[in-house]
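K.L.:
File follows, work_35.csv with CSV, N, CA and C atoms and all ligand atoms:
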chain,number,residue,atom,x,y,z
Y,18,MET,N,-19.3,-1.6,8.3
Y,18,MET,CA,-19.1,-2.4,7.1
Y,18,MET,C,-17.7,-3.0,7.2
Y,19,SER,N,-17.6,-4.3,6.9
Y,19,SER,CA,-16.3,-5.0,6.9
Y,19,SER,C,-16.1,-5.7,5.6
Y,20,ILE,N,-14.8,-5.8,5.3
Y,20,ILE,CA,-14.4,-6.4,4.0
Y,20,ILE,C,-13.3,-7.5,4.4
Y,21,THR,N,-13.4,-8.6,3.8
Y,21,THR,CA,-12.4,-9.7,4.0
Y,21,THR,C,-11.6,-9.9,2.7
Y,22,THR,N,-10.3,-9.8,2.8
Y,22,THR,CA,-9.4,-10.0,1.6
Y,22,THR,C,-9.3,-11.5,1.3
Y,23,ASP,N,-8.6,-11.8,0.2
Y,23,ASP,CA,-8.4,-13.2,-0.2
Y,23,ASP,C,-7.5,-13.8,0.8
Y,24,LYS,N,-6.6,-13.1,1.5
Y,24,LYS,CA,-5.7,-13.6,2.4
Y,24,LYS,C,-6.4,-13.8,3.8
Y,25,GLY,N,-7.7,-13.6,3.9
Y,25,GLY,CA,-8.4,-13.7,5.1
Y,25,GLY,C,-8.3,-12.5,6.0
Y,26,GLU,N,-7.7,-11.4,5.5
Y,26,GLU,CA,-7.6,-10.2,6.4
Y,26,GLU,C,-9.0,-9.5,6.3
Y,27,LYS,N,-9.4,-9.1,7.4
Y,27,LYS,CA,-10.7,-8.4,7.5
Y,27,LYS,C,-10.5,-7.0,7.7
Y,28,LEU,N,-11.1,-6.2,6.8
Y,28,LEU,CA,-10.9,-4.7,6.9
Y,28,LEU,C,-12.2,-4.1,7.3
Y,29,ASN,N,-12.2,-3.4,8.4
Y,29,ASN,CA,-13.4,-2.7,8.8
Y,29,ASN,C,-13.4,-1.2,8.3
Y,30,VAL,N,-14.5,-0.8,7.8
Y,30,VAL,CA,-14.6,0.5,7.2
Y,30,VAL,C,-15.7,1.3,8.0
Y,31,HIS,N,-15.3,2.4,8.6
Y,31,HIS,CA,-16.3,3.2,9.3
Y,31,HIS,C,-16.4,4.5,8.6
Y,32,LEU,N,-17.5,4.8,8.1
Y,32,LEU,CA,-17.8,6.1,7.5
Y,32,LEU,C,-18.8,6.9,8.3
Y,33,LYS,N,-18.5,8.2,8.3
Y,33,LYS,CA,-19.5,9.1,8.9
Y,33,LYS,C,-19.5,10.5,8.3
Y,34,GLY,N,-20.5,11.2,8.6
Y,34,GLY,CA,-20.5,12.6,8.1
Y,34,GLY,C,-20.6,12.7,6.6
Y,35,GLU,N,-19.8,13.6,6.0
Y,35,GLU,CA,-19.9,13.9,4.6
Y,35,GLU,C,-19.5,12.7,3.7
Y,36,VAL,N,-18.5,11.9,4.2
Y,36,VAL,CA,-18.0,10.8,3.4
Y,36,VAL,C,-19.1,9.7,3.4
Y,37,ALA,N,-19.8,9.5,4.5
Y,37,ALA,CA,-20.9,8.5,4.6
Y,37,ALA,C,-22.0,9.0,3.6
Y,38,ASP,N,-22.3,10.2,3.6
Y,38,ASP,CA,-23.3,10.7,2.7
Y,38,ASP,C,-22.9,10.5,1.2
Y,39,LYS,N,-21.7,10.8,0.9
Y,39,LYS,CA,-21.2,10.6,-0.5
Y,39,LYS,C,-21.3,9.1,-0.8
Y,40,PHE,N,-20.9,8.2,0.1
Y,40,PHE,CA,-21.0,6.8,-0.1
Y,40,PHE,C,-22.4,6.4,-0.4
Y,41,LYS,N,-23.4,6.8,0.4
Y,41,LYS,CA,-24.8,6.5,0.1
Y,41,LYS,C,-25.3,7.0,-1.2
Y,42,ARG,N,-24.8,8.2,-1.6
Y,42,ARG,CA,-25.2,8.7,-2.9
Y,42,ARG,C,-24.6,7.9,-4.1
Y,43,ILE,N,-23.4,7.5,-3.9
Y,43,ILE,CA,-22.7,6.6,-4.9
Y,43,ILE,C,-23.5,5.3,-5.0
Y,44,LYS,N,-23.8,4.7,-3.8
Y,44,LYS,CA,-24.5,3.4,-3.8
Y,44,LYS,C,-25.8,3.5,-4.5
Y,45,GLY,N,-26.5,4.6,-4.2
Y,45,GLY,CA,-27.8,4.8,-4.9
Y,45,GLY,C,-27.7,5.0,-6.4
Y,46,TYR,N,-26.7,5.8,-6.8
Y,46,TYR,CA,-26.4,6.1,-8.2
Y,46,TYR,C,-26.1,4.8,-8.9
Y,47,LEU,N,-25.3,3.9,-8.3
Y,47,LEU,CA,-24.9,2.7,-8.9
Y,47,LEU,C,-26.0,1.6,-8.9
Y,48,GLY,N,-27.0,1.9,-8.0
Y,48,GLY,CA,-28.1,0.9,-7.9
Y,48,GLY,C,-27.7,-0.4,-7.2
Y,49,LEU,N,-26.7,-0.3,-6.3
Y,49,LEU,CA,-26.2,-1.5,-5.7
Y,49,LEU,C,-26.8,-1.7,-4.3
Y,50,GLU,N,-27.1,-2.9,-3.9
Y,50,GLU,CA,-27.7,-3.1,-2.6
Y,50,GLU,C,-26.6,-3.3,-1.5
Y,51,GLN,N,-25.5,-4.0,-1.9
Y,51,GLN,CA,-24.5,-4.4,-0.9
Y,51,GLN,C,-23.4,-3.4,-0.8
Y,52,ASP,N,-23.0,-3.0,0.4
Y,52,ASP,CA,-21.9,-2.1,0.6
Y,52,ASP,C,-20.6,-2.6,0.0
Y,53,THR,N,-20.5,-3.9,0.2
Y,53,THR,CA,-19.2,-4.5,-0.4
Y,53,THR,C,-19.1,-4.4,-1.9
Y,54,GLU,N,-20.3,-4.5,-2.6
Y,54,GLU,CA,-20.3,-4.3,-4.0
Y,54,GLU,C,-19.9,-2.8,-4.4
Y,55,VAL,N,-20.3,-1.9,-3.6
Y,55,VAL,CA,-19.9,-0.5,-3.8
Y,55,VAL,C,-18.4,-0.3,-3.7
Y,56,ILE,N,-17.9,-0.9,-2.6
Y,56,ILE,CA,-16.4,-0.8,-2.4
Y,56,ILE,C,-15.7,-1.5,-3.5
Y,57,ARG,N,-16.2,-2.7,-3.9
Y,57,ARG,CA,-15.5,-3.4,-5.0
Y,57,ARG,C,-15.5,-2.6,-6.3
Y,58,THR,N,-16.6,-2.0,-6.6
Y,58,THR,CA,-16.8,-1.1,-7.8
Y,58,THR,C,-15.8,0.1,-7.7
Y,59,LEU,N,-15.8,0.7,-6.6
Y,59,LEU,CA,-14.9,1.9,-6.4
Y,59,LEU,C,-13.4,1.5,-6.5
Y,60,VAL,N,-13.0,0.4,-5.9
Y,60,VAL,CA,-11.6,-0.1,-6.0
Y,60,VAL,C,-11.3,-0.4,-7.4
Y,61,THR,N,-12.1,-1.1,-8.1
Y,61,THR,CA,-11.9,-1.5,-9.5
Y,61,THR,C,-11.7,-0.3,-10.4
Y,62,TRP,N,-12.6,0.7,-10.2
Y,62,TRP,CA,-12.6,1.9,-10.9
Y,62,TRP,C,-11.3,2.7,-10.6
Y,63,TYR,N,-10.9,2.8,-9.3
Y,63,TYR,CA,-9.8,3.6,-8.9
Y,63,TYR,C,-8.5,2.9,-9.5
Y,64,PHE,N,-8.5,1.6,-9.4
Y,64,PHE,CA,-7.3,0.9,-9.9
Y,64,PHE,C,-7.1,1.1,-11.4
Y,65,ALA,N,-8.2,1.0,-12.1
Y,65,ALA,CA,-8.2,1.2,-13.6
Y,65,ALA,C,-7.7,2.6,-13.9
Y,66,GLN,N,-8.1,3.6,-13.1
Y,66,GLN,CA,-7.6,5.0,-13.3
Y,66,GLN,C,-6.2,5.2,-13.0
Y,67,HIS,N,-5.6,4.4,-12.1
Y,67,HIS,CA,-4.3,4.6,-11.6
Y,67,HIS,C,-3.4,3.3,-11.7
Y,68,GLU,N,-3.7,2.5,-12.7
Y,68,GLU,CA,-3.1,1.2,-12.8
Y,68,GLU,C,-1.6,1.3,-12.9
Y,69,LYS,N,-1.1,2.3,-13.7
Y,69,LYS,CA,0.3,2.5,-14.0
Y,69,LYS,C,1.1,2.8,-12.7
Y,70,GLU,N,0.5,3.7,-11.9
Y,70,GLU,CA,1.1,4.1,-10.6
Y,70,GLU,C,1.1,3.0,-9.6
Y,71,LEU,N,0.0,2.2,-9.6
Y,71,LEU,CA,-0.2,1.1,-8.6
Y,71,LEU,C,0.5,-0.2,-8.9
Y,72,SER,N,1.0,-0.3,-10.2
Y,72,SER,CA,1.7,-1.6,-10.6
Y,72,SER,C,3.2,-1.4,-10.3
Y,73,GLY,N,3.8,-2.6,-10.1
Y,73,GLY,CA,5.3,-2.6,-9.9
Y,73,GLY,C,5.7,-2.0,-8.6
Y,74,PRO,N,7.0,-1.7,-8.4
Y,74,PRO,CA,7.5,-1.2,-7.1
Y,74,PRO,C,6.9,0.1,-6.8
Y,75,PRO,N,6.9,0.5,-5.5
Y,75,PRO,CA,6.3,1.8,-5.1
Y,75,PRO,C,7.1,2.9,-5.8
Y,76,LYS,N,6.4,4.0,-6.2
Y,76,LYS,CA,7.0,5.1,-7.0
Y,76,LYS,C,7.3,6.3,-6.0
Y,77,ASN,N,6.9,6.2,-4.8
Y,77,ASN,CA,7.0,7.4,-3.9
Y,77,ASN,C,8.0,7.2,-2.9
Y,78,LEU,N,8.9,6.2,-3.0
Y,78,LEU,CA,10.0,6.1,-2.0
Y,78,LEU,C,11.3,6.5,-2.7
Y,79,TRP,N,12.3,6.9,-1.9
Y,79,TRP,CA,13.5,7.4,-2.4
Y,79,TRP,C,14.7,6.6,-1.9
Y,80,HIS,N,15.6,6.2,-2.7
Y,80,HIS,CA,16.9,5.6,-2.3
Y,80,HIS,C,17.7,6.7,-1.6
Y,81,PHE,N,17.9,6.6,-0.3
Y,81,PHE,CA,18.4,7.7,0.5
Y,81,PHE,C,19.9,7.5,0.7
Y,82,ASN,N,20.4,6.3,1.0
Y,82,ASN,CA,21.8,6.2,1.4
Y,82,ASN,C,22.2,4.7,1.5
Y,83,LEU,N,23.4,4.5,1.1
Y,83,LEU,CA,24.0,3.2,1.4
Y,83,LEU,C,24.9,3.3,2.6
Y,84,ASN,N,24.9,2.3,3.5
Y,84,ASN,CA,25.8,2.3,4.6
Y,84,ASN,C,26.3,1.0,4.9
Y,85,ASP,N,27.1,0.8,6.0
Y,85,ASP,CA,27.7,-0.5,6.3
Y,85,ASP,C,26.7,-1.6,6.5
Y,86,ASN,N,25.5,-1.2,6.9
Y,86,ASN,CA,24.4,-2.2,7.2
Y,86,ASN,C,23.6,-2.6,6.0
Y,87,GLY,N,23.5,-1.8,5.0
Y,87,GLY,CA,22.7,-2.1,3.9
Y,87,GLY,C,22.3,-0.8,3.2
Y,88,VAL,N,21.0,-0.5,3.1
Y,88,VAL,CA,20.6,0.6,2.4
Y,88,VAL,C,19.4,1.3,3.2
Y,89,VAL,N,19.4,2.6,3.0
Y,89,VAL,CA,18.3,3.4,3.7
Y,89,VAL,C,17.4,3.9,2.6
Y,90,ILE,N,16.1,3.6,2.8
Y,90,ILE,CA,15.0,4.1,1.9
Y,90,ILE,C,14.2,5.2,2.6
Y,91,TRP,N,14.0,6.3,2.0
Y,91,TRP,CA,13.2,7.4,2.6
Y,91,TRP,C,11.8,7.1,2.3
Y,92,ASP,N,10.9,7.0,3.3
Y,92,ASP,CA,9.5,6.7,3.2
Y,92,ASP,C,8.8,8.0,3.6
Y,93,PRO,N,8.2,8.7,2.6
Y,93,PRO,CA,7.5,10.0,2.9
Y,93,PRO,C,6.3,9.8,3.7
Y,94,PHE,N,5.7,8.7,3.7
Y,94,PHE,CA,4.5,8.5,4.6
Y,94,PHE,C,4.9,8.3,6.0
Y,95,LEU,N,6.0,7.7,6.3
Y,95,LEU,CA,6.5,7.5,7.7
Y,95,LEU,C,7.3,8.7,8.1
Y,96,HIS,N,7.7,9.6,7.1
Y,96,HIS,CA,8.7,10.6,7.4
Y,96,HIS,C,9.9,10.1,8.1
Y,97,TRP,N,10.4,9.0,7.5
Y,97,TRP,CA,11.5,8.2,8.2
Y,97,TRP,C,12.4,7.5,7.2
Y,98,GLY,N,13.6,7.5,7.4
Y,98,GLY,CA,14.6,6.7,6.6
Y,98,GLY,C,14.5,5.2,7.1
Y,99,VAL,N,14.1,4.3,6.3
Y,99,VAL,CA,13.9,2.9,6.7
Y,99,VAL,C,15.2,2.2,6.3
Y,100,GLN,N,15.8,1.5,7.3
Y,100,GLN,CA,17.0,0.8,7.1
Y,100,GLN,C,16.6,-0.6,6.6
Y,101,ILE,N,17.2,-1.0,5.5
Y,101,ILE,CA,17.1,-2.4,5.0
Y,101,ILE,C,18.5,-3.0,5.2
Y,102,PHE,N,18.6,-4.1,6.0
Y,102,PHE,CA,19.8,-4.7,6.3
Y,102,PHE,C,20.2,-5.8,5.3
Y,103,PHE,N,21.4,-5.8,4.9
Y,103,PHE,CA,22.0,-6.8,4.0
Y,103,PHE,C,22.7,-7.8,4.9
Y,104,THR,N,22.1,-9.0,5.1
Y,104,THR,CA,22.7,-10.0,6.0
Y,104,THR,C,22.8,-11.3,5.2
Y,105,PRO,N,23.7,-12.2,5.7
Y,105,PRO,CA,23.8,-13.5,5.0
Y,105,PRO,C,22.4,-14.3,5.0
Y,106,LYS,N,21.6,-14.0,6.0
Y,106,LYS,CA,20.3,-14.7,6.2
Y,106,LYS,C,19.2,-14.1,5.4
Y,107,GLY,N,19.4,-12.9,4.8
Y,107,GLY,CA,18.3,-12.2,4.1
Y,107,GLY,C,18.4,-10.7,4.1
Y,108,ILE,N,17.4,-10.0,3.7
Y,108,ILE,CA,17.4,-8.6,3.7
Y,108,ILE,C,16.2,-8.0,4.4
Y,109,PRO,N,16.2,-8.1,5.8
Y,109,PRO,CA,15.0,-7.7,6.6
Y,109,PRO,C,14.9,-6.2,6.6
Y,110,CYS,N,13.7,-5.7,6.7
Y,110,CYS,CA,13.3,-4.3,6.8
Y,110,CYS,C,13.2,-4.0,8.3
Y,111,SER,N,13.8,-2.8,8.7
Y,111,SER,CA,13.8,-2.5,10.1
Y,111,SER,C,12.4,-2.1,10.6
Y,112,ILE,N,11.6,-1.6,9.7
Y,112,ILE,CA,10.2,-1.2,10.1
Y,112,ILE,C,9.2,-2.3,10.1
Y,113,ASP,N,9.2,-3.0,9.0
Y,113,ASP,CA,8.2,-4.1,8.8
Y,113,ASP,C,8.6,-5.4,9.4
Y,114,GLU,N,9.9,-5.5,9.7
Y,114,GLU,CA,10.5,-6.8,10.3
Y,114,GLU,C,10.1,-8.0,9.4
Y,115,THR,N,10.3,-7.8,8.1
Y,115,THR,CA,10.0,-8.9,7.1
Y,115,THR,C,11.0,-8.7,6.0
Y,116,ASP,N,11.0,-9.7,5.1
Y,116,ASP,CA,11.9,-9.5,3.9
Y,116,ASP,C,11.0,-9.3,2.6
Y,117,ASP,N,9.7,-9.0,2.8
Y,117,ASP,CA,8.9,-8.8,1.7
Y,117,ASP,C,7.9,-7.6,2.0
Y,118,CYS,N,8.4,-6.4,1.9
Y,118,CYS,CA,7.5,-5.3,2.1
Y,118,CYS,C,7.8,-4.3,0.9
Y,119,ARG,N,7.1,-3.2,0.9
Y,119,ARG,CA,7.2,-2.2,-0.2
Y,119,ARG,C,8.6,-1.6,-0.2
Y,120,HIS,N,9.3,-1.5,1.0
Y,120,HIS,CA,10.6,-0.9,1.0
Y,120,HIS,C,11.6,-1.8,0.3
Y,121,ILE,N,11.5,-3.1,0.6
Y,121,ILE,CA,12.4,-4.1,-0.1
Y,121,ILE,C,12.1,-4.2,-1.5
Y,122,GLN,N,10.8,-4.2,-1.9
Y,122,GLN,CA,10.4,-4.3,-3.3
Y,122,GLN,C,11.0,-3.1,-4.1
Y,123,PHE,N,11.0,-1.9,-3.4
Y,123,PHE,CA,11.5,-0.7,-4.1
Y,123,PHE,C,13.0,-0.9,-4.2
Y,124,ALA,N,13.7,-1.3,-3.1
Y,124,ALA,CA,15.1,-1.4,-3.1
Y,124,ALA,C,15.6,-2.4,-4.2
Y,125,LEU,N,15.0,-3.5,-4.3
Y,125,LEU,CA,15.4,-4.5,-5.3
Y,125,LEU,C,15.3,-4.0,-6.7
Y,126,CYS,N,14.5,-3.0,-7.0
Y,126,CYS,CA,14.3,-2.5,-8.3
Y,126,CYS,C,15.2,-1.3,-8.7
Y,127,GLN,N,16.0,-0.9,-7.7
Y,127,GLN,CA,16.9,0.2,-8.0
Y,127,GLN,C,18.2,-0.3,-8.7
Y,128,PRO,N,18.5,0.3,-9.8
Y,128,PRO,CA,19.7,-0.2,-10.5
Y,128,PRO,C,21.0,0.1,-9.8
Y,129,ASP,N,21.0,1.1,-8.9
Y,129,ASP,CA,22.3,1.4,-8.2
Y,129,ASP,C,22.4,0.8,-6.8
Y,130,ILE,N,21.5,-0.2,-6.5
Y,130,ILE,CA,21.6,-0.9,-5.2
Y,130,ILE,C,22.0,-2.3,-5.4
Y,201,ZN,ZN,9.5,-2.2,5.0
If you took the structure in this file and wrote it as structure tokens, what would it be?
P.N.:
Amino acid sequence: MSITTDKGEKLNVHLKGEVADKFKRIKGYLGLEQDTEVIRTLVTWYFAQHEKELSGPPKNLWHFNLNDNGVVIWDPFLHWGVQIFFTPKGIPCSIDETDDCRHIQFALCQPDI
């Protein structure tokens, strides 16, 4: 099964075993024919259930430290302190190598940074 996002990104989903069986049961319960419609329904439902947590800056990162280079954000998924550099040209993230990632979104919303 593959999913294409609005940005043209294609996501491939491979399910097997118990999860595949659950997917088929949900698909049958919902009476949907297309796998994509099942995914769309599940994503919409999950987002509605967790909209507060999923909106705004990430809630699961921690401001770890300020240093001479910028700020370090602790990312529990990476188990790593992510350095965000404060430079005259921008604020690149050391992990994502961009200036628009969840680490930077989080950092910009911290009142003490
Ligand atoms: Zn980042």
K.L.:
Nearest to ligand ZN 201 (chain Y) among Y:Ser72, Y:Gln51, Y:Gln122, Y:Gln127, with distances taken over only N, CA and C atoms and all ligand atoms: which residue is it?
P.N.:
Y:Gln122
K.L.:
Do you have, as a Markdown table, the list of residues of chain Y lying at most 6.5 Å from ligand ZN 201 (chain Y), each with its nearest atom pair and that distance in Å to one decimal, counting all atoms listed in the file and ordered by chain then number?
P.N.:
| residue | atom | partner | partner_atom | distance |
| --- | --- | --- | --- | --- |
| Y:Cys110 | CA | Y:ZN201 | ZN | 4.7 |
| Y:Ser111 | N | Y:ZN201 | ZN | 5.7 |
| Y:Ile112 | C | Y:ZN201 | ZN | 5.1 |
| Y:Asp113 | N | Y:ZN201 | ZN | 4.1 |
| Y:Glu114 | N | Y:ZN201 | ZN | 5.8 |
| Y:Thr115 | N | Y:ZN201 | ZN | 6.5 |
| Y:Asp117 | C | Y:ZN201 | ZN | 6.4 |
| Y:Cys118 | CA | Y:ZN201 | ZN | 4.7 |
| Y:Arg119 | N | Y:ZN201 | ZN | 4.9 |
| Y:His120 | N | Y:ZN201 | ZN | 4.1 |
| Y:Ile121 | N | Y:ZN201 | ZN | 4.9 |
K.L.:
When you draw a straight line from atom C of Leu95 of chain Y to atom C of Phe123 of chain Y, how long is it in Å?
P.N.:
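About the pair atom C of Leu95 of chain Y and atom C of Phe123 of chain Y: they are 16.6 Å apart.
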K.L.:
Rounded to one decimal in Å, what is the spacing between atom C of Pro93 of chain Y and atom CA of Asn77 of chain Y?
P.N.:
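Atom C of Pro93 of chain Y sits 8.0 Å away from atom CA of Asn77 of chain Y.
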K.L.:
Please measure the separation of atom C of Arg57 of chain Y and atom N of Pro75 of chain Y, giving the value in Å to one decimal.
P.N.:
22.6 Å
K.L.:
Given the point (25.1, 0.6, -1.7) in the file's coordinates, find the residues that have an atom at most 9 Å from it, counting only C-alpha atoms, and give them as a ChimeraX atom specification.
P.N.:
/Y:82-85,87-88,129-130
K.L.:
Going by DSSP on the backbone, which residues of chain Y come out as helix (DSSP H, G or I)? List them as a VMD selection string.
P.N.:
chain Y and resid 34 to 47 52 to 66 68 to 71 119 to 125
K.L.:
Based on DSSP run over this structure's backbone, return all residues of segment 53-82 of chain Y in strand (DSSP E), as an NGL selection string.
P.N.:
:Y and (79-82)
K.L.:
I want to know what sits within 10 Å of Asp92 of chain Y, based on only C-alpha atoms, with residues of the same chain fewer than 2 positions away left out; could you give that as a PyMOL selection string?
P.N.:
chain Y and resi 77-81+89-90+94-99+119-120
